[in-house]
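Since the structure comes first, as structure tokens, the remarks are kept for the end.
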Amino acid sequence: MVAMDPMGPSESIYNLIPSDWKEPPHPPRYVEKKFEWNDRRKPPVPLRTDHPVMGIQSEKNFINTNAADVIMGVAKKPKPIYVDKRTGDKHDLETSGLVPKYINKKDYGVTPEYICKRNEEVKKAQEEYDNYIQENLRKAAMKRLSDEERDAVLQGLKKNWEEVHKEFQSLSVFIDSIPKKIRKQKLEEEMKQLEHDIGVLEKHKVIYIANKK
């Protein structure tokens, strides 16, 4: 006994699929193109049978041309040198300092501007001091110190400063009381005043003092 398919051969499930879905279309076939090189960047290599061009002559006379260039040209100036040993060691003369080129400058021997300015300031300060003294001479009788008196006063001020400075150095490192603070401040003021007086005497050669009556 043979079993039969109830659906029959004409009713197979594969018959339900459209025929154009069973075989997909194939992609177009790629055809390789032949590569052609048309751009020649360099000239072709000459063949072994090629011969160079011969017999080309120039009408230019190179001997006469070179001779004319030498005659008409400017001779090259030799570089100045100097020799400092018997063995003939040569050195550049321009950078040796032996050439007196600075004396040919326009500003050679001229006082620099900053020195002139400083001299003017010193001169002005001396004039102001002299005017101040003259004004005080008119108001009260004043006496000019001699050089010996000025030196004696200057040395006395320096000695006083050394004594005050020595006393200042002997103070305690820790200032923990009001009297110590007052003492330290007083010594500092004395040293400052002495330094000012010493500076005035050293700066001015002519010193006037009030005449005590």
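We name chains A, B, ... following the order of the structure tokens; residues begin at 1 in each chain, and ligands are numbered from 1 as shown.
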For this session: Could you find all residues in range 16-208 of chain A that DSSP calls strand (DSSP E) from the backbone, and write them as a count of residues only?
Result: 10
For this session: Please identify which residues in range 28-206 of chain A DSSP calls alpha helix (DSSP H) from the backbone, and express them as a ChimeraX atom specification.
Result: /A:62-72,113-139,147-169,178-203
Just-selected residues, C-alpha atoms written as a compact mmCIF listing (two decimals), in the first residue's frame:
# COMPACT_ATOMS: atom_id res chain seq x y z
CA PHE A 62 87.21 83.20 -25.53
CA ILE A 63 90.90 84.07 -25.20
CA ASN A 64 90.39 87.71 -26.17
CA THR A 65 87.22 87.95 -24.08
CA ASN A 66 88.95 86.66 -20.95
CA ALA A 67 91.92 88.97 -21.51
CA ALA A 68 89.61 91.98 -21.89
CA ASP A 69 87.76 91.08 -18.68
CA VAL A 70 91.04 90.92 -16.78
CA ILE A 71 92.29 94.24 -18.16
CA MET A 72 89.05 96.17 -17.73
CA GLU A 113 75.56 113.58 26.95
CA TYR A 114 74.97 111.84 30.29
CA ILE A 115 78.18 113.33 31.73
CA CYS A 116 77.15 116.80 30.57
CA LYS A 117 73.77 116.32 32.20
CA ARG A 118 75.36 115.22 35.46
CA ASN A 119 77.71 118.21 35.46
CA GLU A 120 74.76 120.50 34.91
CA GLU A 121 72.92 118.97 37.87
CA VAL A 122 75.95 119.38 40.15
CA LYS A 123 76.41 122.96 39.00
CA LYS A 124 72.75 123.74 39.60
CA ALA A 125 72.84 122.23 43.09
CA GLN A 126 75.90 124.31 43.98
CA GLU A 127 74.24 127.47 42.69
CA GLU A 128 71.09 126.78 44.75
CA TYR A 129 73.22 126.21 47.83
CA ASP A 130 75.18 129.43 47.25
CA ASN A 131 71.95 131.40 46.79
CA TYR A 132 70.60 129.92 50.00
CA ILE A 133 73.72 130.95 51.86
CA GLN A 134 73.68 134.44 50.43
CA GLU A 135 70.07 134.84 51.52
CA ASN A 136 70.92 133.78 55.05
CA LEU A 137 73.93 136.08 55.10
CA ARG A 138 71.62 138.97 54.53
CA LYS A 139 69.33 137.85 57.32
CA ASP A 147 89.20 123.83 55.14
CA GLU A 148 90.82 122.79 58.43
CA GLU A 149 87.68 123.58 60.40
CA ARG A 150 85.53 121.74 57.87
CA ASP A 151 87.74 118.62 58.08
CA ALA A 152 87.72 118.75 61.88
CA VAL A 153 83.92 118.97 62.00
CA LEU A 154 83.62 116.11 59.48
CA GLN A 155 85.92 113.84 61.48
CA GLY A 156 84.02 114.72 64.67
CA LEU A 157 80.70 113.76 63.08
CA LYS A 158 82.11 110.43 61.87
CA LYS A 159 83.47 109.68 65.35
CA ASN A 160 80.12 110.46 66.95
CA TRP A 161 78.38 108.16 64.45
CA GLU A 162 80.74 105.30 65.32
CA GLU A 163 80.03 105.74 69.03
CA VAL A 164 76.27 105.83 68.54
CA HIS A 165 76.43 102.83 66.19
CA LYS A 166 78.48 100.89 68.75
CA GLU A 167 75.89 101.60 71.42
CA PHE A 168 73.12 100.58 69.02
CA GLN A 169 74.87 97.27 68.35
CA ILE A 178 58.96 100.44 76.47
CA PRO A 179 62.23 102.03 77.70
CA LYS A 180 64.21 99.72 75.40
CA LYS A 181 62.03 100.68 72.44
CA ILE A 182 62.45 104.39 73.19
CA ARG A 183 66.23 103.98 73.50
CA LYS A 184 66.49 102.11 70.22
CA GLN A 185 64.39 104.71 68.40
CA LYS A 186 66.52 107.54 69.79
CA LEU A 187 69.76 105.92 68.65
CA GLU A 188 68.35 105.32 65.18
CA GLU A 189 67.35 108.98 64.87
CA GLU A 190 70.81 110.13 66.03
CA MET A 191 72.57 107.94 63.47
CA LYS A 192 70.27 109.16 60.72
CA GLN A 193 70.94 112.83 61.57
CA LEU A 194 74.71 112.25 61.74
CA GLU A 195 74.65 110.51 58.37
CA HIS A 196 72.79 113.49 56.87
CA ASP A 197 75.30 116.01 58.30
CA ILE A 198 78.26 113.93 57.10
CA GLY A 199 76.75 113.79 53.61
CA VAL A 200 76.31 117.58 53.49
CA LEU A 201 79.93 118.26 54.51
CA GLU A 202 81.28 115.72 52.03
CA LYS A 203 79.17 117.10 49.15
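For the pair CA of Leu98 in chain A and CA of Lys79 in chain A, the separation is 14.7 Å.
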Exercise. Could you name the residues that touch Leu93 in chain A at 6 Å or less, counting only C-alpha atoms, but leaving out those on the same chain fewer than 5 positions away, as a ChimeraX atom specification?
Worked result: /A:80-82
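Pairwise distance (CA of Ser58 in chain A, CA of Val45 in chain A) equals 27.6 Å.
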